[in-house]
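Q: Okay, so here is coords_38.pdb, and as you'll see once you scroll down, it has PDB, C-alpha atoms and all ligand atoms.
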ATOM      1  CA  MET F  68      38.730  15.384  95.948
ATOM      2  CA  THR F  69      35.159  16.589  95.488
ATOM      3  CA  TYR F  70      34.571  19.737  93.451
ATOM      4  CA  ARG F  71      32.033  22.221  94.809
ATOM      5  CA  LEU F  72      30.048  24.255  92.312
ATOM      6  CA  HIS F  73      28.212  27.405  93.405
ATOM      7  CA  CYS F  74      25.151  27.377  91.176
ATOM      8  CA  PHE F  75      21.372  27.454  90.809
ATOM      9  CA  GLY F  76      19.182  25.480  88.437
ATOM     10  CA  GLN F  77      18.077  28.322  86.171
ATOM     11  CA  SER F  78      21.668  29.403  85.464
ATOM     12  CA  GLY F  79      22.807  28.100  82.101
ATOM     13  CA  ASN F  80      26.240  29.558  82.776
ATOM     14  CA  ALA F  81      26.470  27.336  85.850
ATOM     15  CA  TYR F  82      25.073  24.435  83.808
ATOM     16  CA  LYS F  83      28.113  24.662  81.514
ATOM     17  CA  ALA F  84      30.340  23.838  84.507
ATOM     18  CA  ALA F  85      27.938  21.246  85.960
ATOM     19  CA  LEU F  86      27.644  19.482  82.597
ATOM     20  CA  MET F  87      31.431  19.416  82.153
ATOM     21  CA  LEU F  88      31.912  17.927  85.644
ATOM     22  CA  GLU F  89      29.292  15.321  84.869
ATOM     23  CA  LEU F  90      30.545  14.448  81.375
ATOM     24  CA  CYS F  91      34.069  14.055  82.768
ATOM     25  CA  GLY F  92      32.788  11.737  85.506
ATOM     26  CA  LEU F  93      34.183  13.945  88.272
ATOM     27  CA  PRO F  94      32.879  13.903  91.862
ATOM     28  CA  TRP F  95      31.142  17.194  92.636
ATOM     29  CA  GLU F  96      28.460  18.735  94.786
ATOM     30  CA  PRO F  97      26.317  21.803  94.171
ATOM     31  CA  VAL F  98      26.348  24.769  96.555
ATOM     32  CA  PHE F  99      22.981  26.473  96.083
ATOM     33  CA  VAL F 100      23.123  30.232  95.464
ATOM     34  CA  ASP F 101      19.804  31.966  96.075
ATOM     35  CA  PHE F 102      20.027  34.294  93.086
ATOM     36  CA  PHE F 103      16.297  35.108  93.041
ATOM     37  CA  ASN F 104      16.570  36.458  96.588
ATOM     38  CA  GLY F 105      19.587  38.590  95.754
ATOM     39  CA  ALA F 106      22.431  36.375  97.044
ATOM     40  CA  THR F 107      24.870  37.345  94.275
ATOM     41  CA  ARG F 108      24.316  41.050  95.009
ATOM     42  CA  GLU F 109      25.209  40.804  98.687
ATOM     43  CA  ALA F 110      28.478  42.327  99.856
ATOM     44  CA  ASP F 111      29.527  39.061 101.533
ATOM     45  CA  TYR F 112      29.079  37.080  98.330
ATOM     46  CA  ARG F 113      31.222  39.579  96.442
ATOM     47  CA  SER F 114      33.940  39.731  99.096
ATOM     48  CA  ASP F 115      34.004  36.031 100.018
ATOM     49  CA  VAL F 116      32.901  34.118  96.927
ATOM     50  CA  ASN F 117      33.132  36.097  93.679
ATOM     51  CA  VAL F 118      34.036  39.754  93.271
ATOM     52  CA  MET F 119      32.127  39.667  89.962
ATOM     53  CA  GLY F 120      28.879  38.810  91.755
ATOM     54  CA  GLU F 121      28.094  35.800  89.572
ATOM     55  CA  VAL F 122      27.767  32.041  89.410
ATOM     56  CA  PRO F 123      29.332  29.695  88.440
ATOM     57  CA  VAL F 124      32.120  29.473  90.987
ATOM     58  CA  LEU F 125      34.120  26.234  91.167
ATOM     59  CA  GLU F 126      35.917  25.392  94.397
ATOM     60  CA  THR F 127      38.865  23.107  93.893
ATOM     61  CA  GLY F 128      42.219  22.630  95.574
ATOM     62  CA  GLY F 129      41.729  25.627  97.862
ATOM     63  CA  ARG F 130      40.917  27.906  94.895
ATOM     64  CA  ARG F 131      37.726  29.516  93.694
ATOM     65  CA  ILE F 132      37.609  29.634  89.913
ATOM     66  CA  THR F 133      35.061  31.881  88.208
ATOM     67  CA  GLN F 134      33.895  32.542  84.633
ATOM     68  CA  SER F 135      32.491  29.447  82.941
ATOM     69  CA  GLY F 136      35.066  29.621  80.140
ATOM     70  CA  VAL F 137      37.926  29.546  82.647
ATOM     71  CA  ILE F 138      36.275  26.709  84.592
ATOM     72  CA  LEU F 139      35.818  24.698  81.391
ATOM     73  CA  SER F 140      39.440  25.300  80.332
ATOM     74  CA  HIS F 141      40.684  24.351  83.787
ATOM     75  CA  LEU F 142      38.720  21.091  83.831
ATOM     76  CA  ALA F 143      39.753  20.240  80.259
ATOM     77  CA  ARG F 144      43.395  20.691  81.205
ATOM     78  CA  GLU F 145      43.052  18.733  84.466
ATOM     79  CA  THR F 146      41.199  15.798  82.921
ATOM     80  CA  GLY F 147      42.532  15.748  79.364
ATOM     81  CA  GLN F 148      38.910  15.673  78.151
ATOM     82  CA  PHE F 149      37.059  18.016  75.741
ATOM     83  CA  GLY F 150      40.112  20.243  75.195
ATOM     84  CA  GLY F 151      42.144  20.964  72.079
ATOM     85  CA  ARG F 152      44.767  18.556  70.768
ATOM     86  CA  ASP F 153      47.125  21.336  69.649
ATOM     87  CA  ALA F 154      47.485  25.121  69.703
ATOM     88  CA  LEU F 155      45.374  25.590  66.571
ATOM     89  CA  GLU F 156      42.497  23.623  68.027
ATOM     90  CA  ASP F 157      42.837  25.476  71.349
ATOM     91  CA  GLU F 158      42.480  28.761  69.463
ATOM     92  CA  GLU F 159      39.433  27.524  67.560
ATOM     93  CA  ILE F 160      37.843  26.436  70.849
ATOM     94  CA  LEU F 161      38.614  29.793  72.469
ATOM     95  CA  ARG F 162      37.153  31.608  69.441
ATOM     96  CA  TRP F 163      33.787  29.855  69.927
ATOM     97  CA  ILE F 164      33.835  30.297  73.706
ATOM     98  CA  LEU F 165      34.352  34.041  73.247
ATOM     99  CA  PHE F 166      31.564  34.183  70.646
ATOM    100  CA  ASP F 167      29.364  32.275  73.060
ATOM    101  CA  ASN F 168      30.096  34.577  76.001
ATOM    102  CA  HIS F 169      29.732  37.781  74.002
ATOM    103  CA  LYS F 170      26.922  37.036  71.580
ATOM    104  CA  PHE F 171      25.213  33.659  71.952
ATOM    105  CA  THR F 172      24.749  33.035  75.670
ATOM    106  CA  SER F 173      24.683  36.664  76.712
ATOM    107  CA  TYR F 174      21.752  37.756  74.524
ATOM    108  CA  PHE F 175      19.917  34.438  74.813
ATOM    109  CA  ALA F 176      20.217  34.330  78.624
ATOM    110  CA  THR F 177      19.086  37.943  78.953
ATOM    111  CA  TYR F 178      16.164  37.384  76.594
ATOM    112  CA  ARG F 179      15.106  34.232  78.451
ATOM    113  CA  PHE F 180      15.362  35.931  81.829
ATOM    114  CA  LEU F 181      13.119  38.802  80.747
ATOM    115  CA  HIS F 182      10.789  36.448  78.841
ATOM    116  CA  SER F 183       9.971  34.073  81.688
ATOM    117  CA  LEU F 184      11.972  34.583  84.892
ATOM    118  CA  ALA F 185      11.915  38.298  85.728
ATOM    119  CA  GLY F 186       8.316  38.064  86.888
ATOM    120  CA  LYS F 187       7.138  41.330  85.392
ATOM    121  CA  PRO F 188       6.059  42.554  81.946
ATOM    122  CA  MET F 189       8.846  43.961  79.780
ATOM    123  CA  ASP F 190       8.938  46.805  77.274
ATOM    124  CA  PRO F 191       8.061  45.184  73.894
ATOM    125  CA  ALA F 192      10.697  47.321  72.136
ATOM    126  CA  VAL F 193      13.409  45.973  74.448
ATOM    127  CA  MET F 194      12.223  42.406  73.870
ATOM    128  CA  ALA F 195      12.135  42.910  70.092
ATOM    129  CA  PHE F 196      15.668  44.302  70.123
ATOM    130  CA  LEU F 197      16.977  41.402  72.222
ATOM    131  CA  LYS F 198      15.169  38.803  70.121
ATOM    132  CA  GLY F 199      16.822  40.239  67.003
ATOM    133  CA  ARG F 200      20.244  39.880  68.639
ATOM    134  CA  VAL F 201      19.424  36.311  69.749
ATOM    135  CA  GLN F 202      18.292  35.358  66.259
ATOM    136  CA  ALA F 203      21.447  36.848  64.697
ATOM    137  CA  ALA F 204      23.663  34.780  67.015
ATOM    138  CA  TYR F 205      21.545  31.670  66.422
ATOM    139  CA  ARG F 206      21.879  32.072  62.643
ATOM    140  CA  ILE F 207      25.676  32.154  62.960
ATOM    141  CA  LEU F 208      25.767  28.973  65.033
ATOM    142  CA  GLU F 209      23.185  27.322  62.758
ATOM    143  CA  SER F 210      25.372  28.048  59.751
ATOM    144  CA  ARG F 211      28.479  26.677  61.485
ATOM    145  CA  LEU F 212      26.746  23.481  62.608
ATOM    146  CA  ALA F 213      25.217  22.890  59.191
ATOM    147  CA  SER F 214      28.723  22.060  57.942
ATOM    148  CA  SER F 215      30.455  20.801  61.099
ATOM    149  CA  PRO F 216      29.189  18.280  63.662
ATOM    150  CA  PHE F 217      30.588  20.286  66.567
ATOM    151  CA  ALA F 218      31.581  23.924  67.026
ATOM    152  CA  ALA F 219      35.339  23.440  66.761
ATOM    153  CA  GLY F 220      35.296  20.503  64.351
ATOM    154  CA  ASP F 221      34.580  16.810  64.294
ATOM    155  CA  ARG F 222      34.448  16.053  68.024
ATOM    156  CA  PRO F 223      32.817  17.627  71.086
ATOM    157  CA  THR F 224      34.915  20.132  73.023
ATOM    158  CA  ILE F 225      34.423  22.682  75.765
ATOM    159  CA  ALA F 226      33.306  25.104  73.025
ATOM    160  CA  ASP F 227      30.172  22.968  72.608
ATOM    161  CA  ILE F 228      29.668  22.691  76.364
ATOM    162  CA  SER F 229      29.843  26.473  76.596
ATOM    163  CA  LEU F 230      27.444  27.063  73.685
ATOM    164  CA  ALA F 231      25.059  24.437  75.109
ATOM    165  CA  GLY F 232      24.531  26.290  78.391
ATOM    166  CA  TYR F 233      21.005  27.469  77.592
ATOM    167  CA  VAL F 234      19.810  25.234  74.745
ATOM    168  CA  PHE F 235      18.404  22.470  76.951
ATOM    169  CA  TYR F 236      15.942  24.626  78.898
ATOM    170  CA  PRO F 237      12.297  24.198  77.830
ATOM    171  CA  ALA F 238      11.270  26.259  74.792
ATOM    172  CA  GLN F 239       8.407  27.942  76.632
ATOM    173  CA  GLU F 240      10.893  29.132  79.256
ATOM    174  CA  SER F 241      13.615  30.325  76.871
ATOM    175  CA  GLY F 242      11.249  31.826  74.304
ATOM    176  CA  ILE F 243      13.141  30.210  71.397
ATOM    177  CA  ASP F 244      11.848  27.020  69.771
ATOM    178  CA  ILE F 245      15.096  25.437  68.628
ATOM    179  CA  ALA F 246      13.470  22.251  67.329
ATOM    180  CA  ALA F 247      11.150  24.235  65.064
ATOM    181  CA  GLU F 248      13.518  26.986  63.909
ATOM    182  CA  TYR F 249      17.129  25.772  63.920
ATOM    183  CA  PRO F 250      17.508  22.215  62.569
ATOM    184  CA  ALA F 251      21.327  22.086  62.664
ATOM    185  CA  ILE F 252      21.422  23.355  66.267
ATOM    186  CA  ASP F 253      18.700  20.883  67.159
ATOM    187  CA  ALA F 254      20.692  17.976  65.674
ATOM    188  CA  TRP F 255      23.863  19.167  67.474
ATOM    189  CA  ARG F 256      21.881  19.315  70.720
ATOM    190  CA  GLY F 257      20.988  15.688  70.107
ATOM    191  CA  ARG F 258      24.650  14.755  69.642
ATOM    192  CA  ILE F 259      25.528  16.414  72.961
ATOM    193  CA  ALA F 260      22.592  14.760  74.738
ATOM    194  CA  ALA F 261      23.861  11.383  73.468
ATOM    195  CA  LEU F 262      27.236  11.771  75.246
ATOM    196  CA  PRO F 263      27.789   9.384  78.172
ATOM    197  CA  ARG F 264      26.626  10.819  81.528
ATOM    198  CA  PHE F 265      24.730  13.740  79.901
ATOM    199  CA  ALA F 266      22.095  15.250  82.195
ATOM    200  CA  LEU F 267      19.670  18.170  81.920
ATOM    201  CA  PRO F 268      20.140  21.400  83.938
ATOM    202  CA  TYR F 269      17.254  20.870  86.366
ATOM    203  CA  ASP F 270      18.454  17.330  87.038
ATOM    204  CA  LEU F 271      21.929  18.565  88.000
ATOM    205  CA  MET F 272      21.452  21.792  89.950
ATOM    206  CA  PRO F 273      19.144  22.810  92.790
ATOM    207  CA  THR F 274      16.509  25.467  92.387
ATOM    208  CA  ALA F 275      14.515  27.370  95.000
ATOM    209  CA  ARG F 276      11.598  27.920  92.648
ATOM    210  CA  PRO F 277       9.737  25.200  90.813
ATOM    211  CA  ALA F 278      11.337  24.914  87.386
TER     212      ALA F 278
HETATM  213  N1  LIG F 301      30.504  35.302  81.699
HETATM  214  C1  LIG F 301      30.027  34.709  82.930
HETATM  215  C2  LIG F 301      28.553  35.010  83.073
HETATM  216  C3  LIG F 301      28.021  34.530  84.419
HETATM  217  C4  LIG F 301      26.613  35.046  84.695
HETATM  218  O1  LIG F 301      26.094  35.932  83.983
HETATM  219  N2  LIG F 301      25.987  34.504  85.741
HETATM  220  C5  LIG F 301      24.675  34.941  86.142
HETATM  221  C6  LIG F 301      23.741  33.748  86.273
HETATM  222  S1  LIG F 301      23.515  32.917  84.747
HETATM  223  C7  LIG F 301      24.765  35.585  87.505
HETATM  224  O2  LIG F 301      25.303  34.982  88.418
HETATM  225  N3  LIG F 301      24.234  36.822  87.665
HETATM  226  C8  LIG F 301      24.230  37.430  88.956
HETATM  227  C9  LIG F 301      23.698  38.823  88.971
HETATM  228  O3  LIG F 301      23.518  39.395  87.877
HETATM  229  O4  LIG F 301      23.489  39.328  90.062
HETATM  230  C10 LIG F 301      30.309  33.204  82.898
HETATM  231  O5  LIG F 301      30.353  32.653  81.805
HETATM  232  O6  LIG F 301      30.519  32.605  83.964
END
Any chance you could give the structure as structure tokens?
Ligand SMILES: N[C@@H](CCC(=O)N[C@@H](CS)C(=O)NCC(=O)O)C(=O)O
A:
Amino acid sequence: MTYRLHCFGQSGNAYKAALMLELCGLPWEPVFVDFFNGATREADYRSDVNVMGEVPVLETGGRRITQSGVILSHLARETGQFGGRDALEDEEILRWILFDNHKFTSYFATYRFLHSLAGKPMDPAVMAFLKGRVQAAYRILESRLASSPFAAGDRPTIADISLAGYVFYPAQESGIDIAAEYPAIDAWRGRIAALPRFALPYDLMPTARPA
């Protein structure tokens, strides 16, 4: 069975799913979603693909699974890889995935989009507000990773794959220089990049625009 992932290269949320598929050694193919030409806002996309109007969407076994956290949990359960070993660990993983979705990815992805992908100048006050929120979330993860090799403990889990969605895009694109500002996150990034079958976002997912 080949998984089909609705995605586009600039989407770090889709990268979480693509990276998990790759790290687990699963057969999959990308289905390009033309986000920059409004595909996710079309009525057909919402009625036929995802009522939430987002990527990633994972097609498997006649189902369409959405929300990266659900996709990651599904694949961890199916493969027995990168999941928790008991209920306590599952809860710790979920705690970091929720933090990622609410605070880390959400502010960082929004900031990056306005910084380099929106294609128009932004209100400096809005950018300053968002950057403050990004930095606050980064400081929390930096503090966690200063005392733990991975988000949920001593081994990589889907919590790390979720948190890693946007940290491998180039610094000039994301507007945050991780290597210069967040040493523990930078070292953690290196541990993830050293996992077998790791690949970067633009090497895994198609993009309509030059990356
Ligand atoms: N919480 C969702 C967030 C997904 C998300 O924000 N996807 C963006 C791309 S990174 C999207 O498809 N946005 C479409 C739109 O805003 O029209 C997840 O983790 O899957």
Q: Let me see if you get this right: every residue at most 8 Å from ligand LIG 301 (chain F), counting all atoms listed in the file, written as a PyMOL selection string.
A: chain F and resi 77-81+102+105-108+120-124+133-136+168+173+176
Q: (23.2, 26.7, 94.1) in this file's frame - what residues fall within 9 Å of it? Use all atoms listed in the file and give the answer as a count of residues only.
A: 18
Q: Given the PyMOL selection byres (((chain F and resi 248-264) around 12) and not hetatm) and the file above, list the residues it selects as a tab-separated table (two decimals) with C-alpha atoms, in the frame of the given file.
A:
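Writing done, so here's result-v1.tsv:
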chain	number	residue	atom	x	y	z
F	85	ALA	CA	27.94	21.25	85.96
F	86	LEU	CA	27.64	19.48	82.60
F	87	MET	CA	31.43	19.42	82.15
F	88	LEU	CA	31.91	17.93	85.64
F	89	GLU	CA	29.29	15.32	84.87
F	90	LEU	CA	30.54	14.45	81.38
F	91	CYS	CA	34.07	14.06	82.77
F	92	GLY	CA	32.79	11.74	85.51
F	93	LEU	CA	34.18	13.94	88.27
F	149	PHE	CA	37.06	18.02	75.74
F	202	GLN	CA	18.29	35.36	66.26
F	203	ALA	CA	21.45	36.85	64.70
F	204	ALA	CA	23.66	34.78	67.02
F	205	TYR	CA	21.54	31.67	66.42
F	206	ARG	CA	21.88	32.07	62.64
F	207	ILE	CA	25.68	32.15	62.96
F	208	LEU	CA	25.77	28.97	65.03
F	209	GLU	CA	23.18	27.32	62.76
F	210	SER	CA	25.37	28.05	59.75
F	211	ARG	CA	28.48	26.68	61.48
F	212	LEU	CA	26.75	23.48	62.61
F	213	ALA	CA	25.22	22.89	59.19
F	214	SER	CA	28.72	22.06	57.94
F	215	SER	CA	30.46	20.80	61.10
F	216	PRO	CA	29.19	18.28	63.66
F	217	PHE	CA	30.59	20.29	66.57
F	218	ALA	CA	31.58	23.92	67.03
F	220	GLY	CA	35.30	20.50	64.35
F	221	ASP	CA	34.58	16.81	64.29
F	222	ARG	CA	34.45	16.05	68.02
F	223	PRO	CA	32.82	17.63	71.09
F	224	THR	CA	34.92	20.13	73.02
F	225	ILE	CA	34.42	22.68	75.76
F	226	ALA	CA	33.31	25.10	73.03
F	227	ASP	CA	30.17	22.97	72.61
F	228	ILE	CA	29.67	22.69	76.36
F	229	SER	CA	29.84	26.47	76.60
F	230	LEU	CA	27.44	27.06	73.68
F	231	ALA	CA	25.06	24.44	75.11
F	232	GLY	CA	24.53	26.29	78.39
F	233	TYR	CA	21.00	27.47	77.59
F	234	VAL	CA	19.81	25.23	74.74
F	235	PHE	CA	18.40	22.47	76.95
F	236	TYR	CA	15.94	24.63	78.90
F	238	ALA	CA	11.27	26.26	74.79
F	242	GLY	CA	11.25	31.83	74.30
F	243	ILE	CA	13.14	30.21	71.40
F	244	ASP	CA	11.85	27.02	69.77
F	245	ILE	CA	15.10	25.44	68.63
F	246	ALA	CA	13.47	22.25	67.33
F	247	ALA	CA	11.15	24.24	65.06
F	265	PHE	CA	24.73	13.74	79.90
F	266	ALA	CA	22.10	15.25	82.20
F	267	LEU	CA	19.67	18.17	81.92
F	268	PRO	CA	20.14	21.40	83.94
F	270	ASP	CA	18.45	17.33	87.04
F	271	LEU	CA	21.93	18.57	88.00
Q: Please write out, as lines of an AutoDock Vina configuration file, where the centre of an axis-aligned box around all listed atoms of range 175-178 of chain F lies and how long its edges are, in Å to one decimal, after adding 3 Å on each side.
A:
center_x = 18.2
center_y = 36.1
center_z = 76.9
size_x = 10.1
size_y = 9.6
size_z = 10.1
Q: Pull out every residue that the PyMOL selection byres (((chain F and resi 184) around 12) and not hetatm) matches in the shown coordinates and put them as a ChimeraX atom specification.
A: /F:77-78,102-103,176-183,185-189,239-242,276-278
Q: In Å to one decimal, how far is CA of Ile132 in chain F from CA of Glu145 in chain F?
A: 13.3 Å
Q: Go ahead and compute the interatomic distance for CA of Tyr174 in chain F and CA of Met194 in chain F, in Å to one decimal.
A: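 For CA of Tyr174 in chain F relative to CA of Met194 in chain F, the distance reads 10.6 Å.
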Q: Nearest to Asp167 in chain F: which of F:Lys83, F:Lys198, F:Arg152, F:Arg113 is it, counting all atoms listed in the file?
A: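 That would be F:Lys83, the residue with the smallest distance to Asp167 in chain F.
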Q: What gap, in Å, lies between CA of Asp153 in chain F and CA of His141 in chain F?
A: 15.8 Å
Q: Skipping near chain neighbours, those fewer than 4 positions away, what residues fall within 12 Å of Gly129 in chain F using only C-alpha atoms, listed as a PyMOL selection string?
A: chain F and resi 68-71+125
Q: Write range 240-274 of chain F as a PDB file, in the coordinates of the input, completed to N, CA and C atoms.
A:
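Ended up saving to part37.pdb:
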ATOM      1  N   GLU F 240      10.146  28.327  78.281  1.00  0.00           N
ATOM      2  CA  GLU F 240      10.893  29.132  79.256  1.00  0.00           C
ATOM      3  C   GLU F 240      11.892  30.056  78.544  1.00  0.00           C
ATOM      4  N   SER F 241      12.571  29.517  77.519  1.00  0.00           N
ATOM      5  CA  SER F 241      13.615  30.325  76.871  1.00  0.00           C
ATOM      6  C   SER F 241      13.039  31.269  75.818  1.00  0.00           C
ATOM      7  N   GLY F 242      11.860  30.948  75.304  1.00  0.00           N
ATOM      8  CA  GLY F 242      11.249  31.826  74.304  1.00  0.00           C
ATOM      9  C   GLY F 242      11.752  31.566  72.895  1.00  0.00           C
ATOM     10  N   ILE F 243      12.613  30.559  72.730  1.00  0.00           N
ATOM     11  CA  ILE F 243      13.141  30.210  71.397  1.00  0.00           C
ATOM     12  C   ILE F 243      12.868  28.732  71.176  1.00  0.00           C
ATOM     13  N   ASP F 244      12.168  28.419  70.063  1.00  0.00           N
ATOM     14  CA  ASP F 244      11.848  27.020  69.771  1.00  0.00           C
ATOM     15  C   ASP F 244      12.914  26.457  68.824  1.00  0.00           C
ATOM     16  N   ILE F 245      13.954  25.915  69.418  1.00  0.00           N
ATOM     17  CA  ILE F 245      15.096  25.437  68.628  1.00  0.00           C
ATOM     18  C   ILE F 245      14.670  24.328  67.672  1.00  0.00           C
ATOM     19  N   ALA F 246      13.862  23.395  68.166  1.00  0.00           N
ATOM     20  CA  ALA F 246      13.470  22.251  67.329  1.00  0.00           C
ATOM     21  C   ALA F 246      12.735  22.724  66.074  1.00  0.00           C
ATOM     22  N   ALA F 247      11.948  23.768  66.203  1.00  0.00           N
ATOM     23  CA  ALA F 247      11.150  24.235  65.064  1.00  0.00           C
ATOM     24  C   ALA F 247      11.950  25.157  64.142  1.00  0.00           C
ATOM     25  N   GLU F 248      12.899  25.905  64.700  1.00  0.00           N
ATOM     26  CA  GLU F 248      13.518  26.986  63.909  1.00  0.00           C
ATOM     27  C   GLU F 248      14.960  26.753  63.476  1.00  0.00           C
ATOM     28  N   TYR F 249      15.689  25.910  64.201  1.00  0.00           N
ATOM     29  CA  TYR F 249      17.129  25.772  63.920  1.00  0.00           C
ATOM     30  C   TYR F 249      17.509  24.291  63.850  1.00  0.00           C
ATOM     31  N   PRO F 250      17.303  23.668  62.676  1.00  0.00           N
ATOM     32  CA  PRO F 250      17.508  22.215  62.569  1.00  0.00           C
ATOM     33  C   PRO F 250      18.952  21.766  62.861  1.00  0.00           C
ATOM     34  N   ALA F 251      19.934  22.527  62.435  1.00  0.00           N
ATOM     35  CA  ALA F 251      21.327  22.086  62.664  1.00  0.00           C
ATOM     36  C   ALA F 251      21.674  22.180  64.152  1.00  0.00           C
ATOM     37  N   ILE F 252      21.182  23.228  64.823  1.00  0.00           N
ATOM     38  CA  ILE F 252      21.422  23.355  66.267  1.00  0.00           C
ATOM     39  C   ILE F 252      20.667  22.246  66.998  1.00  0.00           C
ATOM     40  N   ASP F 253      19.487  21.944  66.521  1.00  0.00           N
ATOM     41  CA  ASP F 253      18.700  20.883  67.159  1.00  0.00           C
ATOM     42  C   ASP F 253      19.427  19.531  67.052  1.00  0.00           C
ATOM     43  N   ALA F 254      19.978  19.245  65.871  1.00  0.00           N
ATOM     44  CA  ALA F 254      20.692  17.976  65.674  1.00  0.00           C
ATOM     45  C   ALA F 254      21.963  17.943  66.543  1.00  0.00           C
ATOM     46  N   TRP F 255      22.654  19.068  66.622  1.00  0.00           N
ATOM     47  CA  TRP F 255      23.863  19.167  67.474  1.00  0.00           C
ATOM     48  C   TRP F 255      23.504  18.943  68.938  1.00  0.00           C
ATOM     49  N   ARG F 256      22.380  19.543  69.355  1.00  0.00           N
ATOM     50  CA  ARG F 256      21.881  19.315  70.720  1.00  0.00           C
ATOM     51  C   ARG F 256      21.707  17.829  70.989  1.00  0.00           C
ATOM     52  N   GLY F 257      21.188  17.136  69.981  1.00  0.00           N
ATOM     53  CA  GLY F 257      20.988  15.688  70.107  1.00  0.00           C
ATOM     54  C   GLY F 257      22.316  14.952  70.255  1.00  0.00           C
ATOM     55  N   ARG F 258      23.335  15.412  69.525  1.00  0.00           N
ATOM     56  CA  ARG F 258      24.650  14.755  69.642  1.00  0.00           C
ATOM     57  C   ARG F 258      25.235  14.974  71.035  1.00  0.00           C
ATOM     58  N   ILE F 259      25.018  16.152  71.599  1.00  0.00           N
ATOM     59  CA  ILE F 259      25.528  16.414  72.961  1.00  0.00           C
ATOM     60  C   ILE F 259      24.731  15.568  73.967  1.00  0.00           C
ATOM     61  N   ALA F 260      23.429  15.511  73.797  1.00  0.00           N
ATOM     62  CA  ALA F 260      22.592  14.760  74.738  1.00  0.00           C
ATOM     63  C   ALA F 260      22.899  13.261  74.692  1.00  0.00           C
ATOM     64  N   ALA F 261      23.530  12.811  73.595  1.00  0.00           N
ATOM     65  CA  ALA F 261      23.861  11.383  73.468  1.00  0.00           C
ATOM     66  C   ALA F 261      25.203  11.045  74.127  1.00  0.00           C
ATOM     67  N   LEU F 262      25.934  12.048  74.616  1.00  0.00           N
ATOM     68  CA  LEU F 262      27.236  11.771  75.246  1.00  0.00           C
ATOM     69  C   LEU F 262      27.021  11.023  76.563  1.00  0.00           C
ATOM     70  N   PRO F 263      27.935  10.109  76.906  1.00  0.00           N
ATOM     71  CA  PRO F 263      27.789   9.384  78.172  1.00  0.00           C
ATOM     72  C   PRO F 263      27.738  10.335  79.365  1.00  0.00           C
ATOM     73  N   ARG F 264      26.830  10.075  80.270  1.00  0.00           N
ATOM     74  CA  ARG F 264      26.626  10.819  81.528  1.00  0.00           C
ATOM     75  C   ARG F 264      25.934  12.176  81.331  1.00  0.00           C
ATOM     76  N   PHE F 265      25.458  12.474  80.113  1.00  0.00           N
ATOM     77  CA  PHE F 265      24.730  13.740  79.901  1.00  0.00           C
ATOM     78  C   PHE F 265      23.541  13.831  80.864  1.00  0.00           C
ATOM     79  N   ALA F 266      23.300  15.018  81.378  1.00  0.00           N
ATOM     80  CA  ALA F 266      22.095  15.250  82.195  1.00  0.00           C
ATOM     81  C   ALA F 266      21.593  16.669  81.952  1.00  0.00           C
ATOM     82  N   LEU F 267      20.296  16.861  82.148  1.00  0.00           N
ATOM     83  CA  LEU F 267      19.670  18.170  81.920  1.00  0.00           C
ATOM     84  C   LEU F 267      19.916  19.104  83.110  1.00  0.00           C
ATOM     85  N   PRO F 268      19.815  20.429  82.875  1.00  0.00           N
ATOM     86  CA  PRO F 268      20.140  21.400  83.938  1.00  0.00           C
ATOM     87  C   PRO F 268      19.367  21.176  85.235  1.00  0.00           C
ATOM     88  N   TYR F 269      18.043  20.979  85.138  1.00  0.00           N
ATOM     89  CA  TYR F 269      17.254  20.870  86.366  1.00  0.00           C
ATOM     90  C   TYR F 269      17.443  19.521  87.062  1.00  0.00           C
ATOM     91  N   ASP F 270      18.117  18.597  86.375  1.00  0.00           N
ATOM     92  CA  ASP F 270      18.454  17.330  87.038  1.00  0.00           C
ATOM     93  C   ASP F 270      19.819  17.407  87.720  1.00  0.00           C
ATOM     94  N   LEU F 271      20.572  18.461  87.435  1.00  0.00           N
ATOM     95  CA  LEU F 271      21.929  18.565  88.000  1.00  0.00           C
ATOM     96  C   LEU F 271      22.048  19.593  89.116  1.00  0.00           C
ATOM     97  N   MET F 272      21.230  20.658  89.033  1.00  0.00           N
ATOM     98  CA  MET F 272      21.452  21.792  89.950  1.00  0.00           C
ATOM     99  C   MET F 272      20.173  22.117  90.712  1.00  0.00           C
ATOM    100  N   PRO F 273      20.334  22.503  91.983  1.00  0.00           N
ATOM    101  CA  PRO F 273      19.144  22.810  92.790  1.00  0.00           C
ATOM    102  C   PRO F 273      18.507  24.145  92.404  1.00  0.00           C
ATOM    103  N   THR F 274      17.217  24.223  92.653  1.00  0.00           N
ATOM    104  CA  THR F 274      16.509  25.467  92.387  1.00  0.00           C
ATOM    105  C   THR F 274      15.525  25.744  93.523  1.00  0.00           C
TER     106      THR F 274
END
